[in-house]
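Chemist: Below is the file query02.cif, with mmCIF, C-alpha atoms and all ligand atoms.
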data_target
#
loop_
_atom_site.label_atom_id
_atom_site.label_comp_id
_atom_site.auth_asym_id
_atom_site.auth_seq_id
_atom_site.Cartn_x
_atom_site.Cartn_y
_atom_site.Cartn_z
CA MET X 162 25.23 31.13 -33.77
CA PHE X 163 25.83 30.39 -30.10
CA LYS X 164 29.51 30.96 -30.59
CA THR X 165 28.91 34.45 -32.00
CA LEU X 166 26.53 35.25 -29.17
CA ASN X 167 29.08 34.16 -26.60
CA THR X 168 31.76 36.22 -28.25
CA LEU X 169 29.47 39.23 -28.20
CA LEU X 170 28.65 38.71 -24.54
CA LEU X 171 32.31 38.35 -23.70
CA ALA X 172 33.11 41.54 -25.60
CA CYS X 173 30.49 43.41 -23.56
CA LEU X 174 31.89 42.08 -20.29
CA LEU X 175 35.39 43.14 -21.25
CA VAL X 176 34.35 46.61 -22.33
CA ALA X 177 32.00 47.41 -19.45
CA PRO X 178 34.54 47.94 -16.62
CA ALA X 179 36.73 50.17 -18.79
CA ALA X 180 33.78 52.37 -19.69
CA SER X 181 32.70 53.04 -16.11
CA ALA X 182 34.88 55.39 -14.05
CA VAL X 183 37.26 53.75 -11.58
CA GLN X 184 36.51 54.14 -7.90
CA MET X 185 38.73 56.69 -6.11
CA LYS X 186 39.38 57.63 -2.50
CA ASP X 187 37.65 60.88 -1.53
CA TYR X 188 40.88 62.34 -0.19
CA HIS X 189 42.56 61.96 -3.58
CA LYS X 190 39.57 62.46 -5.84
CA GLU X 191 39.09 65.99 -4.57
CA ILE X 192 42.59 67.16 -5.33
CA MET X 193 43.19 65.10 -8.48
CA THR X 194 40.11 66.09 -10.47
CA ASN X 195 40.95 68.56 -13.24
CA ASP X 196 38.85 71.39 -14.66
CA ASN X 197 37.09 68.98 -17.03
CA GLY X 198 35.85 66.97 -14.05
CA LYS X 199 38.17 64.06 -14.90
CA VAL X 200 40.52 62.37 -12.47
CA GLU X 201 44.18 62.85 -13.45
CA CYS X 202 45.27 59.22 -13.66
CA ALA X 203 48.80 60.39 -14.42
CA ALA X 204 49.21 61.77 -10.88
CA CYS X 205 49.91 58.18 -9.81
CA HIS X 206 50.20 56.16 -13.01
CA GLY X 207 52.45 58.52 -14.95
CA ASP X 208 52.02 58.36 -18.72
CA ALA X 209 51.76 54.55 -18.85
CA LYS X 210 49.06 53.42 -21.29
CA ARG X 211 48.48 50.15 -19.50
CA LYS X 212 47.88 50.97 -15.85
CA THR X 213 49.59 48.80 -13.27
CA ILE X 214 50.26 49.23 -9.55
CA PRO X 215 52.06 52.59 -9.15
CA ALA X 216 55.61 52.61 -7.77
CA ALA X 217 56.05 53.96 -4.23
CA SER X 218 58.09 56.81 -5.72
CA GLN X 219 54.85 58.18 -7.22
CA CYS X 220 53.26 58.40 -3.78
CA GLU X 221 56.45 59.73 -2.23
CA SER X 222 56.61 62.64 -4.68
CA CYS X 223 53.71 64.16 -2.72
CA HIS X 224 53.85 62.49 0.70
CA GLY X 225 57.60 62.53 1.26
CA SER X 226 59.97 59.58 1.57
CA SER X 227 59.14 56.38 3.43
CA ASP X 228 61.41 57.69 6.21
CA ASP X 229 59.28 60.84 6.41
CA MET X 230 56.15 58.68 6.64
CA ALA X 231 57.73 56.56 9.35
CA MET X 232 58.44 59.72 11.32
CA GLN X 233 54.84 60.90 10.98
CA THR X 234 53.54 57.80 12.75
CA ALA X 235 56.45 57.47 15.18
CA ARG X 236 56.87 58.63 18.74
CA PRO X 237 55.55 62.12 19.50
CA GLU X 238 59.02 63.36 20.48
CA ASP X 239 60.02 62.71 16.86
CA ALA X 240 57.33 65.13 15.71
CA GLY X 241 54.80 62.46 14.79
CA HIS X 242 51.78 60.95 16.52
CA ASP X 243 52.13 57.60 18.18
CA VAL X 244 50.89 54.59 16.21
CA GLU X 245 51.74 51.18 17.66
CA PRO X 246 53.25 49.22 16.09
CA ASN X 247 54.41 51.72 13.50
CA PRO X 248 53.15 50.40 10.14
CA HIS X 249 55.65 52.62 8.33
CA ASP X 250 58.68 51.27 10.20
CA SER X 251 58.24 47.67 11.27
CA LEU X 252 60.31 45.03 12.96
CA HIS X 253 60.52 42.85 9.84
CA TYR X 254 60.52 45.25 6.93
CA GLY X 255 61.76 48.57 8.30
CA THR X 256 60.60 51.30 5.93
CA ASP X 257 60.84 49.08 2.84
CA LEU X 258 57.23 48.00 2.25
CA PRO X 259 55.69 49.61 -0.85
CA CYS X 260 52.86 52.00 0.08
CA THR X 261 50.39 50.05 -2.05
CA TYR X 262 50.79 46.91 0.09
CA CYS X 263 48.41 48.65 2.52
CA HIS X 264 46.94 51.73 0.84
CA GLN X 265 44.77 50.70 -2.07
CA GLU X 266 43.13 53.28 -4.28
CA HIS X 267 40.35 51.67 -6.27
CA LYS X 268 39.22 49.28 -3.54
CA GLU X 269 39.20 49.13 0.23
CA SER X 270 42.63 49.44 1.87
CA THR X 271 43.98 46.56 3.92
CA VAL X 272 46.86 46.29 6.39
CA TYR X 273 49.46 43.88 5.03
CA CYS X 274 50.64 43.00 8.56
CA ASN X 275 47.26 41.50 9.33
CA GLN X 276 47.85 38.50 7.12
CA CYS X 277 49.64 37.31 10.27
CA HIS X 278 48.71 39.75 13.05
CA GLU X 279 45.53 41.40 14.30
CA PHE X 280 46.66 45.00 14.74
CA GLU X 281 43.99 47.63 14.92
CA TYR X 282 44.42 50.97 13.21
CA PRO X 283 41.12 52.75 13.77
CA ASP X 284 42.44 56.00 12.27
CA MET X 285 43.44 54.48 8.97
CA LYS X 286 41.32 55.77 6.12
CA ARG X 287 40.13 52.71 4.25
C1 LIG C 1 49.62 64.65 -6.40
C2 LIG C 1 49.98 64.41 -5.00
C3 LIG C 1 49.64 63.07 -4.40
C4 LIG C 1 49.96 61.81 -4.88
C5 LIG C 1 50.70 61.44 -6.16
C6 LIG C 1 49.48 60.87 -3.88
N1 LIG C 1 48.88 61.53 -2.85
FE1 LIG C 1 48.03 60.70 -1.21
N2 LIG C 1 47.26 62.51 -0.66
C7 LIG C 1 47.60 63.72 -1.25
C8 LIG C 1 46.90 64.79 -0.54
C9 LIG C 1 47.03 66.29 -0.84
C10 LIG C 1 46.12 64.16 0.47
C11 LIG C 1 45.16 64.85 1.47
C12 LIG C 1 45.92 65.54 2.55
C13 LIG C 1 46.54 64.55 3.48
O1 LIG C 1 45.80 63.94 4.27
O2 LIG C 1 47.78 64.35 3.43
C14 LIG C 1 46.39 62.74 0.39
C15 LIG C 1 45.87 61.78 1.24
C16 LIG C 1 46.35 60.48 1.34
C17 LIG C 1 46.02 59.54 2.39
C18 LIG C 1 45.06 59.78 3.55
C19 LIG C 1 45.81 60.49 4.63
C20 LIG C 1 45.03 60.57 5.94
O3 LIG C 1 44.78 61.70 6.37
O4 LIG C 1 44.71 59.53 6.51
C21 LIG C 1 46.71 58.39 2.14
C22 LIG C 1 46.70 57.11 2.96
C23 LIG C 1 47.46 58.59 0.92
N3 LIG C 1 47.22 59.88 0.46
C24 LIG C 1 48.28 57.66 0.32
C25 LIG C 1 48.82 57.77 -0.96
C26 LIG C 1 49.41 56.69 -1.71
C27 LIG C 1 49.59 55.28 -1.21
C28 LIG C 1 49.77 57.21 -2.94
C29 LIG C 1 50.41 56.49 -4.10
C30 LIG C 1 49.63 55.38 -4.68
C31 LIG C 1 49.42 58.61 -2.93
N4 LIG C 1 48.84 58.91 -1.72
C32 LIG C 1 49.66 59.50 -3.97
C33 LIG C 1 48.45 63.90 -2.32
C34 LIG C 1 48.94 62.87 -3.12
C1 LIG C 2 52.21 48.10 6.41
C2 LIG C 2 51.11 48.92 5.95
C3 LIG C 2 51.42 50.31 5.43
C4 LIG C 2 52.35 50.69 4.50
C5 LIG C 2 53.31 49.81 3.72
C6 LIG C 2 52.21 52.12 4.34
N1 LIG C 2 51.22 52.59 5.18
FE1 LIG C 2 50.59 54.47 5.37
N2 LIG C 2 49.39 53.96 6.93
C7 LIG C 2 49.19 52.69 7.37
C8 LIG C 2 48.31 52.70 8.53
C9 LIG C 2 47.84 51.49 9.32
C10 LIG C 2 48.01 54.07 8.76
C11 LIG C 2 47.13 54.66 9.86
C12 LIG C 2 48.01 55.14 10.99
C13 LIG C 2 47.20 55.78 12.10
O1 LIG C 2 46.56 55.05 12.85
O2 LIG C 2 47.21 57.02 12.19
C14 LIG C 2 48.71 54.83 7.73
C15 LIG C 2 48.65 56.21 7.60
C16 LIG C 2 49.14 56.90 6.49
C17 LIG C 2 48.93 58.31 6.23
C18 LIG C 2 48.17 59.25 7.15
C19 LIG C 2 49.21 59.91 8.03
C20 LIG C 2 49.00 59.80 9.51
O3 LIG C 2 49.64 60.61 10.22
O4 LIG C 2 48.25 58.93 9.99
C21 LIG C 2 49.54 58.61 5.05
C22 LIG C 2 49.60 59.96 4.35
C23 LIG C 2 50.17 57.40 4.58
N3 LIG C 2 49.91 56.38 5.49
C24 LIG C 2 50.91 57.29 3.44
C25 LIG C 2 51.75 56.21 3.15
C26 LIG C 2 52.78 56.22 2.13
C27 LIG C 2 53.08 57.40 1.21
C28 LIG C 2 53.39 55.01 2.17
C29 LIG C 2 54.59 54.54 1.35
C30 LIG C 2 55.80 55.34 1.49
C31 LIG C 2 52.71 54.22 3.20
N4 LIG C 2 51.76 55.00 3.79
C32 LIG C 2 52.98 52.89 3.50
C33 LIG C 2 49.71 51.54 6.81
C34 LIG C 2 50.72 51.51 5.87
C1 LIG C 3 46.08 58.32 -6.02
C2 LIG C 3 46.77 57.47 -6.95
C3 LIG C 3 46.00 56.89 -8.13
C4 LIG C 3 45.30 57.57 -9.09
C5 LIG C 3 45.10 59.07 -9.23
C6 LIG C 3 44.80 56.56 -10.01
N1 LIG C 3 45.20 55.32 -9.60
FE1 LIG C 3 44.87 53.55 -10.59
N2 LIG C 3 45.91 52.54 -9.15
C7 LIG C 3 46.40 53.10 -8.00
C8 LIG C 3 46.84 52.04 -7.11
C9 LIG C 3 47.43 52.26 -5.73
C10 LIG C 3 46.61 50.82 -7.78
C11 LIG C 3 46.87 49.41 -7.24
C12 LIG C 3 45.53 48.69 -6.98
C13 LIG C 3 44.63 49.49 -6.04
O1 LIG C 3 45.14 50.05 -5.08
O2 LIG C 3 43.41 49.56 -6.25
C14 LIG C 3 46.05 51.17 -9.07
C15 LIG C 3 45.71 50.24 -10.06
C16 LIG C 3 45.08 50.57 -11.23
C17 LIG C 3 44.75 49.62 -12.28
C18 LIG C 3 45.14 48.16 -12.30
C19 LIG C 3 44.16 47.38 -11.50
C20 LIG C 3 44.82 46.22 -10.84
O3 LIG C 3 44.32 45.81 -9.79
O4 LIG C 3 45.88 45.75 -11.31
C21 LIG C 3 44.06 50.29 -13.24
C22 LIG C 3 43.50 49.72 -14.55
C23 LIG C 3 43.96 51.68 -12.82
N3 LIG C 3 44.60 51.81 -11.60
C24 LIG C 3 43.32 52.66 -13.51
C25 LIG C 3 43.28 54.01 -13.13
C26 LIG C 3 42.61 55.04 -13.91
C27 LIG C 3 41.86 54.82 -15.22
C28 LIG C 3 42.82 56.23 -13.24
C29 LIG C 3 42.29 57.60 -13.59
C30 LIG C 3 40.85 57.73 -13.69
C31 LIG C 3 43.60 55.92 -12.05
N4 LIG C 3 43.86 54.56 -12.02
C32 LIG C 3 44.03 56.85 -11.12
C33 LIG C 3 46.49 54.45 -7.72
C34 LIG C 3 45.93 55.47 -8.45
C1 LIG C 4 54.14 36.67 7.11
C2 LIG C 4 53.65 36.91 8.45
C3 LIG C 4 53.92 38.27 9.07
C4 LIG C 4 53.67 39.51 8.54
C5 LIG C 4 53.12 39.86 7.17
C6 LIG C 4 54.02 40.48 9.56
N1 LIG C 4 54.47 39.83 10.67
FE1 LIG C 4 55.05 40.68 12.42
N2 LIG C 4 55.51 38.85 13.20
C7 LIG C 4 55.34 37.65 12.55
C8 LIG C 4 55.85 36.57 13.39
C9 LIG C 4 55.84 35.08 13.05
C10 LIG C 4 56.33 37.17 14.57
C11 LIG C 4 56.98 36.49 15.77
C12 LIG C 4 55.94 35.77 16.61
C13 LIG C 4 55.18 36.72 17.43
O1 LIG C 4 55.70 37.22 18.42
O2 LIG C 4 53.99 37.02 17.09
C14 LIG C 4 56.09 38.62 14.42
C15 LIG C 4 56.37 39.55 15.39
C16 LIG C 4 56.08 40.91 15.31
C17 LIG C 4 56.24 41.87 16.38
C18 LIG C 4 56.74 41.58 17.79
C19 LIG C 4 55.76 40.74 18.57
C20 LIG C 4 54.38 41.36 18.63
O3 LIG C 4 53.41 40.68 18.17
O4 LIG C 4 54.22 42.46 19.14
C21 LIG C 4 55.84 43.09 15.89
C22 LIG C 4 55.80 44.41 16.64
C23 LIG C 4 55.44 42.87 14.52
N3 LIG C 4 55.59 41.56 14.19
C24 LIG C 4 54.99 43.87 13.68
C25 LIG C 4 54.61 43.69 12.36
C26 LIG C 4 54.18 44.77 11.48
C27 LIG C 4 54.07 46.22 11.88
C28 LIG C 4 53.89 44.20 10.28
C29 LIG C 4 53.45 44.89 9.00
C30 LIG C 4 54.27 46.00 8.56
C31 LIG C 4 54.13 42.76 10.41
N4 LIG C 4 54.55 42.52 11.68
C32 LIG C 4 53.92 41.85 9.39
C33 LIG C 4 54.79 37.48 11.30
C34 LIG C 4 54.43 38.49 10.42
#
Please express what this file holds, its structure, as structure tokens.
Ligand code: HEC
Ligand code: HEC
Ligand code: HEC
Ligand code: HEC
Modeler:
Amino acid sequence: MFKTLNTLLLACLLVAPAASAVQMKDYHKEIMTNDNGKVECAACHGDAKRKTIPAASQCESCHGSSDDMAMQTARPEDAGHDVEPNPHDSLHYGTDLPCTYCHQEHKESTVYCNQCHEFEYPDMKR
């Protein structure tokens, strides 16, 4: 009896998160909602049935290459606006860090560098 009850409870717990809509960033939700009012998961996850962390190439198809991103937050004379130190082109990793190390979609974004540093990026949309 108790075993069945536990199994039932577990089943509910497992089903519940899938049934509720995933949290999205406003800046993406707006542009990725289709006519039926549903978010186009495929914009980032492709056609994968089981959703995992999207590859940087998915982000880059809209935002440009990691070099383009680095330029956008580089020195003003390179056409960007100055962000110090440049998160998109760092001392240790250059432009190689996957976007999703810092920009999360379904939860609050974090800056990977700050596992070790205390850099402030007040303009970053969390
Ligand atoms: C279908 C195109 C598309 C894809 C795919 C996409 N984005 Fe975006 N993203 C946009 C648009 C459009 C905006 C809003 C305009 C802007 O600020 O660039 C935006 C906004 C953002 C912003 C906020 C920019 C700001 O103004 O601070 C971040 C950060 C971002 N995207 C990161 C990502 C990451 C990381 C991925 C991959 C997981 C991704 N995007 C995938 C189109 C896309
Ligand atoms: C090491 C952390 C980190 C990584 C990796 C990273 N970003 Fe960012 N990103 C930031 C921070 C911090 C900002 C806020 C910069 C600022 O203050 O304007 C930012 C800003 C942005 C913006 C807003 C543009 C702007 O001018 O501020 C976009 C769009 C964006 N990132 C997309 C990307 C994409 C696409 C990738 C992968 C190619 C990526 N980021 C990788 C930390 C990161
Ligand atoms: C703008 C890009 C984007 C869109 C659109 C998007 N996701 Fe994601 N998804 C991500 C990123 C980035 C991650 C990595 C974890 C995170 O950032 O929250 C992720 C991770 C996931 C995961 C794995 C959770 C984990 O932590 O391993 C699931 C499940 C998921 N997404 C479901 C969805 C569903 C369902 C939709 C459509 C309603 C959707 N996603 C739309 C970017 C996106
Ligand atoms: C695993 C820990 C770790 C991570 C993650 C990390 N750093 Fe560092 N970083 C260090 C260490 C250790 C030093 C050398 C000691 C020092 O000067 O702080 C350093 C030095 C630096 C320096 C020169 C000294 C300074 O503090 O100004 C810069 C700039 C820097 N890191 C930027 C970054 C950026 C940008 C990121 C994220 C893209 C990052 N780091 C991620 C550990 C890390």
Chemist: Using all atoms listed in the file, find each protein or nucleic acid residue lying at most 7 Å from ligand LIG 4 (chain C); present the set as a PyMOL selection string.
Modeler: chain X and resi 246-249+251-254+273-278
Chemist: What gap, in Å, lies between atom CA of X:Ala203 and atom FE1 of ligand LIG 3 (chain C)?
Modeler: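 Between atom CA of X:Ala203 and atom FE1 of ligand LIG 3 (chain C) the gap works out to 8.8 Å.
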Chemist: Which chains and residue numbers are within 7 Å of ligand LIG 3 (chain C), counting only C-alpha atoms and all ligand atoms, if I want them as number ranges by chain?
Modeler: X: 182-183, 189, 193, 199-206, 212-215, 261, 264-268
Chemist: For a test of reading the model, state the distance in Å between atom CA of X:Gln184 and atom O3 of ligand LIG 2 (chain C), rounded to one decimal.
Modeler: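 Atom O3 of ligand LIG 2 (chain C) lies at a distance of 23.3 Å from atom CA of X:Gln184.
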Chemist: Set the distance at 6 Å and use all atoms listed in the file: which residues neighbour stretch 221-235 of chain X once local chain neighbours fewer than 4 positions away are removed? I'd like the list as a list in words.
Modeler: Gly241, His242, Asp243, Val244, His249, Asp250 and Thr256 of chain X
Chemist: So that all listed atoms of ligand LIG 2 (chain C) fit with 6 Å spare on each side, what axis-aligned box centre and edge lengths in Å, to one decimal, would you give as lines of an AutoDock Vina configuration file?
Modeler:
center_x = 51.2
center_y = 54.4
center_z = 7.0
size_x = 21.2
size_y = 24.5
size_z = 23.6
Chemist: So how many Å separate atom CA of X:Glu245 and atom CA of X:Pro259, to one decimal?
Modeler: 19.0 Å
Chemist: I need the residue nearest ligand LIG 2 (chain C) from this list: X:Arg287, X:Lys186, X:Glu238, X:Cys220. Use only C-alpha atoms and all ligand atoms for the distance.
Modeler: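 Once distances to ligand LIG 2 (chain C) are computed over only C-alpha atoms and all ligand atoms, the minimum belongs to X:Cys220.
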Chemist: Nearest to ligand LIG 1 (chain C): which of X:Thr271, X:Ala216, X:Pro237, X:Asp257 is it, counting all atoms listed in the file?
Modeler: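 Looking at the shortest contact to ligand LIG 1 (chain C), the residue is X:Ala216.
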Chemist: Using all atoms listed in the file, pick whichever of X:Glu279, X:Glu269, X:Leu258, X:Ile192 has the shortest atom-to-atom distance to ligand LIG 2 (chain C).
Modeler: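 Closest to ligand LIG 2 (chain C), using all atoms listed in the file: X:Leu258.
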